[in-house]
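Student: Structure below; questions to follow.
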Amino acid sequence: MTAFVGTDIDRAASLLASGGLVAFATETVYGLGANAYDAGAVARIFSAKERPEFDPLIVHLGDLRWLPDVVASVPPLAERLIDAFWPGPLTLVLPKTNRIPDLVTAGLPTVGVRMPAHPLSLELLRRANVPVAAPSANLFGQVSPTTARHVAEQLGERIDYILDGGPCLVGVESTILDVSGDLPTLLRPGGLAVELIEAEIGAIRVPSPLSNENEPQLSPGRLMRHYATRTPLVIADREQPPPGNQSVGLLTLVAEAGDERYTAVEVLSARGDLTEAATQLFAAMRRLDARGLDLIVARPVSESGLGRAINDRLRRAARSSSLSRSDGRGLG
Ligand code: TXA
Ligand code: MG
């Protein structure tokens, strides 16, 4: 049995309200949603995705008036961020109320919460009239979906409905900011640039992207297998030639001289625009993965604007594939 894909918001909303699992478009990526107050429904998310229960979910709001039911307090700084950036690709981590089941937050005293900007997701949430817990609608560890078809391919048989809102405009997941303590801390770079957040509230703590492994685990899920393509993926700059005698694909922001040495090339933005590149990233990774290549080489982008989120996803994809490989093949 395959889930129905369509644009019937009322059907999707009543499924959510009655404990169903509904995938839906947001501006970032497609989410796999269940009523956040219903632990039984939330449990189905974990089993459909094969997601470990120690990885907490983000709760999605359709109305600001729902916020006090979900979070216990909103510091002034969080209020400013909400005014400035909601609805939009910013998840705030705040102390949770006891209406939110522990399963949603993996037992943490905090909850990640956001209001998505896609008009279809907002309308869905309002009609369902409950906060919706939703991770990205992919099998655990794999590339996040940015079209309804991506969702159907991985989860079609396991869920009740897919609300098709077209391709996602942002293309990478929300930025996650922990505002539950004294110093706002970036937990995941994402669809809202750090520069815009800092312009609003001043400097935030941005853990170095390269020292992830040595840091205390700030956010569960940060260090786990993620964004993995089946094809091994390595990060290399353009000075490094592709390894010989292999079919190698290239994932690059812009085309460069010498790219014809690769079997397949995905250019993320011909005009070198990082926002456009983020929109294209996951679909390009999927297309390369479908080519049956020996290796995917990804070129890093500049660590600014949405480039931070792009590099983060590439590093995780590279780390995931080196963990699963024993031959040590690759460019270092
Ligand atoms: O754009 C998005 O954020 C998408 C769409 C569907 O909204 N959702 C998404 O969810 O990316 P997911 O499950 O793929 O990522 C959730 C991550 C967790 O892995 C964890 O790192 C972090 O959010 N998180 C959630 N609650 C947290 C909490 N209480 N404390 C720290 N980190 C938390
Ligand atoms: Mg995810």
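Identifiers for the structure tokens are assigned positionally: chains receive A, B, ... in sequence, residues are indexed from 1 per chain, and ligands are indexed from 1 in the order shown.
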Can you list, as number ranges by chain, all residues belonging to range 101-251 of chain A that DSSP tags as strand (DSSP E or B)?

Tutor: A: 110-114, 132-133, 136, 142, 161-163, 175-178, 185-188, 205, 228, 233-235, 248-251

Student: Okay, now the selection with N, CA and C atoms, as a compact mmCIF listing (two decimals), in the first residue's frame?

Tutor:
# COMPACT_ATOMS: atom_id res chain seq x y z
N THR A 110 14.13 20.44 27.42
CA THR A 110 13.88 21.50 26.44
C THR A 110 13.20 20.92 25.21
N VAL A 111 12.60 21.81 24.42
CA VAL A 111 11.95 21.39 23.17
C VAL A 111 12.36 22.36 22.06
N GLY A 112 12.57 21.81 20.88
CA GLY A 112 12.83 22.64 19.70
C GLY A 112 11.49 23.01 19.07
N VAL A 113 11.30 24.30 18.78
CA VAL A 113 10.00 24.73 18.28
C VAL A 113 10.18 25.75 17.15
N ARG A 114 9.35 25.62 16.12
CA ARG A 114 9.39 26.63 15.06
C ARG A 114 8.03 26.78 14.40
N VAL A 132 2.55 20.13 15.83
CA VAL A 132 2.92 18.90 15.12
C VAL A 132 4.42 18.65 15.25
N ALA A 133 4.75 17.49 15.81
CA ALA A 133 6.16 17.08 15.89
C ALA A 133 6.55 16.52 14.54
N SER A 136 12.61 15.56 9.54
CA SER A 136 12.62 15.50 8.09
C SER A 136 12.07 14.13 7.65
N GLN A 142 19.58 9.37 6.13
CA GLN A 142 19.67 9.62 4.69
C GLN A 142 19.38 11.08 4.35
N TYR A 161 -0.36 9.90 4.50
CA TYR A 161 -0.64 10.89 3.45
C TYR A 161 0.59 11.75 3.23
N ILE A 162 0.77 12.20 2.00
CA ILE A 162 1.84 13.16 1.69
C ILE A 162 1.18 14.40 1.10
N LEU A 163 1.31 15.52 1.80
CA LEU A 163 0.74 16.78 1.33
C LEU A 163 1.77 17.47 0.44
N THR A 175 17.69 26.49 10.83
CA THR A 175 18.77 26.81 11.77
C THR A 175 18.24 26.53 13.17
N ILE A 176 19.03 25.84 14.00
CA ILE A 176 18.59 25.56 15.37
C ILE A 176 19.44 26.37 16.35
N LEU A 177 18.75 27.15 17.18
CA LEU A 177 19.42 28.01 18.14
C LEU A 177 18.91 27.67 19.54
N ASP A 178 19.85 27.35 20.44
CA ASP A 178 19.47 27.10 21.82
C ASP A 178 19.41 28.43 22.56
N THR A 185 23.18 29.72 21.55
CA THR A 185 24.17 28.84 20.94
C THR A 185 23.61 28.19 19.69
N LEU A 186 24.38 28.27 18.62
CA LEU A 186 23.98 27.63 17.37
C LEU A 186 24.15 26.12 17.51
N LEU A 187 23.04 25.38 17.33
CA LEU A 187 23.13 23.92 17.40
C LEU A 187 23.20 23.30 16.00
N ARG A 188 22.64 23.98 15.02
CA ARG A 188 22.71 23.49 13.64
C ARG A 188 22.60 24.68 12.70
N ARG A 205 26.91 32.21 20.19
CA ARG A 205 28.00 31.24 20.23
C ARG A 205 27.86 30.30 19.04
N ALA A 228 23.59 10.68 4.43
CA ALA A 228 24.46 9.73 3.75
C ALA A 228 23.91 9.38 2.38
N LEU A 233 31.19 9.69 -0.31
CA LEU A 233 31.33 11.11 -0.64
C LEU A 233 32.53 11.67 0.11
N VAL A 234 33.38 12.39 -0.60
CA VAL A 234 34.51 13.06 0.04
C VAL A 234 34.47 14.54 -0.31
N ILE A 235 35.07 15.34 0.56
CA ILE A 235 35.16 16.78 0.31
C ILE A 235 36.57 17.09 -0.16
N VAL A 248 33.75 9.06 -11.14
CA VAL A 248 33.65 10.00 -10.04
C VAL A 248 32.69 11.12 -10.41
N GLY A 249 31.77 11.43 -9.52
CA GLY A 249 30.85 12.55 -9.72
C GLY A 249 31.32 13.76 -8.95
N LEU A 250 30.93 14.93 -9.43
CA LEU A 250 31.35 16.18 -8.79
C LEU A 250 30.13 17.00 -8.38
N LEU A 251 30.18 17.48 -7.15
CA LEU A 251 29.15 18.38 -6.64
C LEU A 251 29.85 19.71 -6.38

Student: Give me, as a VMD selection string, all polymer residues having an atom no more than 7 Å from range 303-311 of chain A, counting only C-alpha atoms and skipping those fewer than 6 positions away in the same chain.

Tutor: chain A and resid 189 to 191 193 to 195 274 to 275 278

Student: Limited to N, CA and C atoms, could you put the picked residues into a file as a compact mmCIF listing (two decimals), in the first residue's frame?

Tutor:
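Printed below is part_37.txt as written:
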# COMPACT_ATOMS: atom_id res chain seq x y z
N PRO A 189 23.60 24.88 11.83
CA PRO A 189 23.43 25.93 10.81
C PRO A 189 22.35 25.47 9.84
N GLY A 190 21.54 26.39 9.35
CA GLY A 190 20.45 25.96 8.47
C GLY A 190 19.97 27.10 7.60
N GLY A 191 18.68 27.08 7.32
CA GLY A 191 18.10 27.97 6.31
C GLY A 191 18.07 29.44 6.66
N ALA A 193 20.49 32.42 7.87
CA ALA A 193 21.93 32.68 8.03
C ALA A 193 22.24 33.24 9.42
N VAL A 194 23.35 32.77 9.99
CA VAL A 194 23.82 33.25 11.28
C VAL A 194 23.99 34.78 11.27
N GLU A 195 24.44 35.31 10.14
CA GLU A 195 24.65 36.75 10.04
C GLU A 195 23.35 37.53 10.30
N LEU A 274 24.77 31.26 -2.96
CA LEU A 274 24.69 30.21 -1.94
C LEU A 274 23.26 29.87 -1.55
N THR A 275 22.37 30.84 -1.65
CA THR A 275 20.97 30.58 -1.31
C THR A 275 20.34 29.65 -2.35
N ALA A 278 21.73 26.13 -1.84
CA ALA A 278 21.09 25.38 -0.75
C ALA A 278 19.80 24.74 -1.24

Student: Please write out the residues within 6 Å of ligand 1 as a count of residues only, counting only C-alpha atoms and all ligand atoms.

Tutor: 23

Student: Which distance in Å separates CA of Arg291 in chain A and CA of Thr263 in chain A, to one decimal?

Tutor: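 These two atoms are separated by 9.4 Å.
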
Student: Quick one: everything within 9 Å of Arg126 in chain A, counting only C-alpha atoms, minus sequence neighbours fewer than 5 positions away in the same chain. Send it as a PyMOL selection string.

Tutor: chain A and resi 13+61-63+121+131

Student: Measuring atom to atom with only C-alpha atoms, identify which of A:Ala41, A:Gly88, A:Leu122, A:Gly156 is nearest to Ser18 in chain A.

Tutor: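 Among the listed residues, the smallest separation from Ser18 in chain A belongs to A:Ala41.
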